[in-house]
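Contents: one structure, followed by commentary.
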Amino acid sequence: MTGLVLHFAPQTCARVALVALEETGAPFETRLVRFMAGDHRDPAFLARNPAGKVPLLEVDGEPLTQNGAILPYLARRFPEARLLPYTGDALNDAKIQSRLAWLAADLHPLVTRIRMPHFFCDLDGAPGRVRALAMEAMAFQLADAERTLRGRPWLMGQDWSIIDAYLSWVWFRIAGAGFEVAAFPALADHHHRADARPSAQRALAIEAAAQDELERAGFSVPLS
Ligand SMILES: N[C@@H](CCC(=O)N[C@@H](CS)C(=O)NCC(=O)O)C(=O)O
């Protein structure tokens, strides 16, 4: 398969890669991964991504996994899209990597514990405690981003970057799970602005069509 093919599922962190692809303007295809049908445990999928997760981007048939690798790849391949504010300066570019790692390694696991606490404990009443602790840790993590966004429109400065789409996805996941949104007005406003971009709107439309397909086939993931 030549070209760019994104394996994704609606509402997941694959949304960030989807927005990135939409921002580039490059042609790409999508493949819906139906978790409830076990597509992500299919040997053919696992051969491309042994972690069994989305996003998976195929580049001329070559698999690339992890948002932390896919987003820098797209940013470097399509520099005119300005997905990330790389300058070539080692420290500047490392700080961009640092932000991506914060989102993928610090925030995303908290999202998972907030949305799916039952995966991280026994079912004897502890899931509520896991969720509460993850909410607390998330509030601590987001305090600095809230302060930053009170002083400038986007996380990295005056210009949007794909880091904003990533943060916006985190917000979407936690706001729908009872996170104390009222304490983070700048983040809420940032989410609305990030989602209003045409690229995000197109990505959301692709997700909505995929969600319809899942529901028609009886494979929609219950919203935890
Ligand atoms: N570290 C990976 C995380 C990917 C990930 O956790 N994806 C979730 C959806 S948000 C997934 O595919 N989960 C399915 C599973 O774990 O079985 C990344 O940043 O790309």
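Ordered as shown in the structure tokens, chains take letters A, B, and onward, while each chain numbers its residues from 1 and ligands are numbered from 1 in the order shown.
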Give me, as CSV, each residue of chain A that comes within 8 Å of ligand 1, together with its shortest interatomic pair and the distance in Å at one decimal, counting only C-alpha atoms and all ligand atoms, with rows ordered by chain and rising residue number.
```
residue,atom,partner,partner_atom_place_in_ligand_line,distance
A:Ala9,CA,ligand 1,9 (C),7.5
A:Gln11,CA,ligand 1,10 (S),7.5
A:Thr12,CA,ligand 1,10 (S),3.9
A:Cys13,CA,ligand 1,10 (S),4.2
A:Ala14,CA,ligand 1,10 (S),6.5
A:Phe35,CA,ligand 1,14 (C),7.1
A:His40,CA,ligand 1,17 (O),6.8
A:Ala51,CA,ligand 1,16 (O),7.5
A:Gly52,CA,ligand 1,17 (O),5.9
A:Lys53,CA,ligand 1,12 (O),3.2
A:Val54,CA,ligand 1,12 (O),4.0
A:Pro55,CA,ligand 1,20 (O),5.6
A:Leu56,CA,ligand 1,20 (O),7.8
A:Thr65,CA,ligand 1,20 (O),6.2
A:Gln66,CA,ligand 1,20 (O),3.3
A:Asn67,CA,ligand 1,20 (O),4.0
A:Gly68,CA,ligand 1,19 (O),5.9
A:Ala104,CA,ligand 1,19 (O),4.9
A:Ala105,CA,ligand 1,1 (N),7.1
A:His108,CA,ligand 1,3 (C),7.4
A:Pro109,CA,ligand 1,6 (O),7.9
A:Thr112,CA,ligand 1,10 (S),7.8
```
So that I can see what lies close to A:Gly128, please list as a compact mmCIF listing (two decimals) with N, CA and C atoms, in the first residue's frame the residues with an atom at most 12 Å from it, counting only C-alpha atoms and leaving out residues fewer than 5 positions away in the same chain.
```
# COMPACT_ATOMS: atom_id res chain seq x y z
N ARG A 113 -6.94 6.22 33.28
CA ARG A 113 -7.39 5.88 34.64
C ARG A 113 -8.69 6.59 35.01
N ILE A 114 -8.91 7.76 34.41
CA ILE A 114 -10.16 8.48 34.66
C ILE A 114 -11.31 7.80 33.89
N ARG A 115 -11.05 7.42 32.64
CA ARG A 115 -12.11 6.84 31.81
C ARG A 115 -12.34 5.35 32.10
N MET A 116 -11.25 4.64 32.39
CA MET A 116 -11.36 3.18 32.55
C MET A 116 -10.66 2.69 33.81
N PRO A 117 -11.06 3.21 34.98
CA PRO A 117 -10.36 2.87 36.23
C PRO A 117 -10.42 1.38 36.55
N HIS A 118 -11.46 0.70 36.06
CA HIS A 118 -11.62 -0.73 36.36
C HIS A 118 -10.51 -1.58 35.74
N PHE A 119 -9.74 -1.02 34.79
CA PHE A 119 -8.60 -1.77 34.23
C PHE A 119 -7.40 -1.76 35.18
N PHE A 120 -7.47 -0.94 36.24
CA PHE A 120 -6.29 -0.71 37.07
C PHE A 120 -6.47 -1.13 38.52
N CYS A 121 -7.54 -1.87 38.80
CA CYS A 121 -7.75 -2.30 40.18
C CYS A 121 -8.77 -3.43 40.20
N ASP A 122 -8.95 -4.02 41.38
CA ASP A 122 -10.02 -5.00 41.55
C ASP A 122 -11.36 -4.28 41.48
N LEU A 123 -12.39 -5.05 41.26
CA LEU A 123 -13.71 -4.43 41.06
C LEU A 123 -14.49 -4.29 42.37
N LEU A 133 -8.21 9.62 42.35
CA LEU A 133 -6.77 9.94 42.44
C LEU A 133 -6.24 10.44 41.10
N ALA A 134 -6.72 9.82 40.02
CA ALA A 134 -6.27 10.26 38.68
C ALA A 134 -6.78 11.67 38.38
N MET A 135 -7.99 11.98 38.82
CA MET A 135 -8.55 13.34 38.63
C MET A 135 -7.67 14.36 39.36
N ALA A 177 -15.99 13.14 31.58
CA ALA A 177 -15.94 12.11 32.62
C ALA A 177 -16.03 12.74 34.01
N GLY A 178 -16.55 13.96 34.07
CA GLY A 178 -16.79 14.57 35.37
C GLY A 178 -15.63 15.37 35.93
```
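The shortest atom-to-atom distance to A:Val19, with only C-alpha atoms taken into account, belongs to A:Glu207 out of A:Asp212, A:Glu207, A:Asp124, A:Asp189.
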Within stretch 2-184 of chain A, find each residue whose DSSP state, derived from the backbone, is strand (DSSP E or B), and express the selection as a ChimeraX atom specification. /A:4-8,29-32,56-59,62-65,154,157
Produce a file of the selected residues containing N, CA, C and O atoms, as a CSV table (one decimal), in the first residue's frame.
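As written to disk, selection_15.csv reads:
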```csv
chain,number,residue,atom,x,y,z
A,4,LEU,N,-0.2,7.4,2.7
A,4,LEU,CA,-0.4,7.4,4.1
A,4,LEU,C,-1.8,6.8,4.5
A,4,LEU,O,-2.8,7.2,3.9
A,5,VAL,N,-1.7,5.8,5.4
A,5,VAL,CA,-3.0,5.2,5.9
A,5,VAL,C,-3.0,5.2,7.4
A,5,VAL,O,-2.1,4.7,8.0
A,6,LEU,N,-4.0,5.9,7.9
A,6,LEU,CA,-4.1,6.0,9.4
A,6,LEU,C,-5.2,5.0,9.9
A,6,LEU,O,-6.3,5.0,9.5
A,7,HIS,N,-4.7,4.1,10.8
A,7,HIS,CA,-5.6,3.2,11.5
A,7,HIS,C,-6.1,3.9,12.8
A,7,HIS,O,-5.2,4.4,13.6
A,8,PHE,N,-7.4,4.1,12.9
A,8,PHE,CA,-7.9,4.9,14.0
A,8,PHE,C,-9.2,4.3,14.6
A,8,PHE,O,-9.8,3.4,14.0
A,29,GLU,N,-5.6,7.9,3.6
A,29,GLU,CA,-6.7,7.0,3.8
A,29,GLU,C,-6.9,6.7,5.3
A,29,GLU,O,-5.9,6.8,6.0
A,30,THR,N,-8.0,6.3,5.7
A,30,THR,CA,-8.2,5.8,7.0
A,30,THR,C,-8.7,4.4,7.1
A,30,THR,O,-9.4,3.9,6.1
A,31,ARG,N,-8.4,3.7,8.1
A,31,ARG,CA,-8.9,2.3,8.4
A,31,ARG,C,-9.5,2.3,9.8
A,31,ARG,O,-8.8,2.7,10.7
A,32,LEU,N,-10.8,2.0,9.9
A,32,LEU,CA,-11.4,2.0,11.2
A,32,LEU,C,-11.0,0.7,12.0
A,32,LEU,O,-11.2,-0.4,11.4
A,56,LEU,N,-2.0,4.0,14.4
A,56,LEU,CA,-1.0,3.3,13.6
A,56,LEU,C,-1.0,4.0,12.3
A,56,LEU,O,-2.1,4.1,11.6
A,57,LEU,N,0.1,4.6,11.9
A,57,LEU,CA,0.2,5.2,10.5
A,57,LEU,C,1.0,4.3,9.6
A,57,LEU,O,2.2,4.0,10.0
A,58,GLU,N,0.5,4.0,8.5
A,58,GLU,CA,1.3,3.3,7.5
A,58,GLU,C,1.8,4.3,6.5
A,58,GLU,O,1.0,5.1,5.9
A,59,VAL,N,3.1,4.3,6.3
A,59,VAL,CA,3.8,5.2,5.3
A,59,VAL,C,4.3,4.3,4.2
A,59,VAL,O,5.3,3.6,4.4
A,62,GLU,N,4.9,1.0,5.5
A,62,GLU,CA,5.8,0.8,6.6
A,62,GLU,C,5.1,1.4,7.9
A,62,GLU,O,4.6,2.5,7.9
A,63,PRO,N,4.9,0.5,8.9
A,63,PRO,CA,4.2,1.0,10.1
A,63,PRO,C,5.0,2.0,11.0
A,63,PRO,O,6.1,1.8,11.2
A,64,LEU,N,4.2,3.0,11.4
A,64,LEU,CA,4.8,3.9,12.4
A,64,LEU,C,3.8,4.1,13.5
A,64,LEU,O,2.6,4.4,13.2
A,65,THR,N,4.2,3.9,14.8
A,65,THR,CA,3.3,3.9,15.9
A,65,THR,C,3.7,5.0,16.9
A,65,THR,O,4.8,5.5,16.8
A,154,TRP,N,-2.0,29.9,22.6
A,154,TRP,CA,-1.8,28.5,22.3
A,154,TRP,C,-0.6,28.0,23.2
A,154,TRP,O,0.2,28.8,23.7
A,157,GLY,N,2.8,29.1,22.3
A,157,GLY,CA,3.0,30.6,22.0
A,157,GLY,C,1.9,31.2,21.3
A,157,GLY,O,0.7,30.8,21.6
```
Write out as a count of residues only all residues of chain A that backbone DSSP assigns to helix (DSSP H, G or I). 140
Neighbour list for A:His192 as a list in words, cut-off 12 Å, only C-alpha atoms, skip fewer than 2 positions in-chain: Pro153, Trp154, Asp164, Ala165, Leu167, Ser168, Trp169, Trp171, Phe172, Pro185, Ala186, Leu187, Ala188, Asp189, His190, Ala194, Asp195, Ala196, Arg197, Ala200 and Gln201 of chain A
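Counting only C-alpha atoms and comparing A:Tyr73, A:Phe45, A:Phe78, A:Phe219, the residue that lies closest to A:Gly25 is A:Phe78.
Of the listed residues (A:Val221, A:Ala69, A:Leu74, A:Ala137), A:Ala137 comes nearest to A:Asp106; the distances count only C-alpha atoms.
Shortest atom-to-atom contact with A:Ser161 among A:Arg82, A:Arg99, A:Arg129, A:Arg202: A:Arg82, counting only C-alpha atoms.
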Using only C-alpha atoms, which residues sit within 10 Å of A:Ile163 once same-chain residues fewer than 6 positions away are excluded, as a PDB file with N, CA, C and O atoms, in the first residue's frame?
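Generated output (selection-v6.pdb):
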```pdb
ATOM      1  N   VAL A  16      -5.601  12.912  17.289  1.00  0.00           N
ATOM      2  CA  VAL A  16      -4.524  13.905  17.143  1.00  0.00           C
ATOM      3  C   VAL A  16      -3.786  13.686  15.810  1.00  0.00           C
ATOM      4  O   VAL A  16      -3.493  14.639  15.085  1.00  0.00           O
ATOM      5  N   ALA A  20      -3.651  16.094  12.533  1.00  0.00           N
ATOM      6  CA  ALA A  20      -2.356  16.418  11.919  1.00  0.00           C
ATOM      7  C   ALA A  20      -2.401  16.151  10.418  1.00  0.00           C
ATOM      8  O   ALA A  20      -1.963  16.974   9.607  1.00  0.00           O
ATOM      9  N   LEU A  71       3.580  12.329  15.110  1.00  0.00           N
ATOM     10  CA  LEU A  71       3.408  13.788  14.965  1.00  0.00           C
ATOM     11  C   LEU A  71       4.706  14.468  14.529  1.00  0.00           C
ATOM     12  O   LEU A  71       4.690  15.268  13.583  1.00  0.00           O
ATOM     13  N   LEU A  83       3.141  22.053  11.854  1.00  0.00           N
ATOM     14  CA  LEU A  83       2.499  21.273  12.930  1.00  0.00           C
ATOM     15  C   LEU A  83       3.225  21.488  14.250  1.00  0.00           C
ATOM     16  O   LEU A  83       2.607  21.466  15.315  1.00  0.00           O
ATOM     17  N   LEU A  84       4.547  21.636  14.184  1.00  0.00           N
ATOM     18  CA  LEU A  84       5.353  21.842  15.393  1.00  0.00           C
ATOM     19  C   LEU A  84       6.374  22.932  15.093  1.00  0.00           C
ATOM     20  O   LEU A  84       6.938  22.973  13.982  1.00  0.00           O
ATOM     21  N   PRO A  85       6.628  23.800  16.078  1.00  0.00           N
ATOM     22  CA  PRO A  85       7.514  24.957  15.808  1.00  0.00           C
ATOM     23  C   PRO A  85       9.000  24.612  15.884  1.00  0.00           C
ATOM     24  O   PRO A  85       9.756  25.222  16.647  1.00  0.00           O
ATOM     25  N   ILE A  96      10.040  20.865  22.458  1.00  0.00           N
ATOM     26  CA  ILE A  96       8.824  20.405  21.763  1.00  0.00           C
ATOM     27  C   ILE A  96       8.616  18.922  22.057  1.00  0.00           C
ATOM     28  O   ILE A  96       7.505  18.481  22.374  1.00  0.00           O
ATOM     29  N   GLN A  97       9.705  18.160  21.984  1.00  0.00           N
ATOM     30  CA  GLN A  97       9.627  16.725  22.295  1.00  0.00           C
ATOM     31  C   GLN A  97       9.180  16.518  23.729  1.00  0.00           C
ATOM     32  O   GLN A  97       8.419  15.604  24.051  1.00  0.00           O
ATOM     33  N   ARG A  99       7.200  18.434  25.507  1.00  0.00           N
ATOM     34  CA  ARG A  99       5.748  18.660  25.597  1.00  0.00           C
ATOM     35  C   ARG A  99       4.977  17.435  25.074  1.00  0.00           C
ATOM     36  O   ARG A  99       3.975  17.022  25.668  1.00  0.00           O
ATOM     37  N   LEU A 100       5.456  16.867  23.969  1.00  0.00           N
ATOM     38  CA  LEU A 100       4.780  15.678  23.424  1.00  0.00           C
ATOM     39  C   LEU A 100       4.867  14.520  24.411  1.00  0.00           C
ATOM     40  O   LEU A 100       3.894  13.779  24.620  1.00  0.00           O
ATOM     41  N   LEU A 103       2.399  14.960  27.229  1.00  0.00           N
ATOM     42  CA  LEU A 103       1.031  14.581  26.842  1.00  0.00           C
ATOM     43  C   LEU A 103       0.870  13.066  26.769  1.00  0.00           C
ATOM     44  O   LEU A 103      -0.110  12.503  27.275  1.00  0.00           O
ATOM     45  N   TRP A 154      -2.048  29.871  22.568  1.00  0.00           N
ATOM     46  CA  TRP A 154      -1.759  28.457  22.330  1.00  0.00           C
ATOM     47  C   TRP A 154      -0.629  28.012  23.242  1.00  0.00           C
ATOM     48  O   TRP A 154       0.158  28.839  23.726  1.00  0.00           O
ATOM     49  N   LEU A 155      -0.525  26.712  23.471  1.00  0.00           N
ATOM     50  CA  LEU A 155       0.401  26.211  24.491  1.00  0.00           C
ATOM     51  C   LEU A 155       1.860  26.575  24.193  1.00  0.00           C
ATOM     52  O   LEU A 155       2.631  26.874  25.096  1.00  0.00           O
ATOM     53  N   MET A 156       2.232  26.550  22.898  1.00  0.00           N
ATOM     54  CA  MET A 156       3.631  26.831  22.572  1.00  0.00           C
ATOM     55  C   MET A 156       3.874  28.311  22.269  1.00  0.00           C
ATOM     56  O   MET A 156       4.998  28.697  21.998  1.00  0.00           O
ATOM     57  N   TRP A 169      -7.641  17.049  22.885  1.00  0.00           N
ATOM     58  CA  TRP A 169      -8.184  15.678  22.990  1.00  0.00           C
ATOM     59  C   TRP A 169      -8.223  15.237  24.463  1.00  0.00           C
ATOM     60  O   TRP A 169      -9.215  14.652  24.917  1.00  0.00           O
TER      61      TRP A 169
END
```
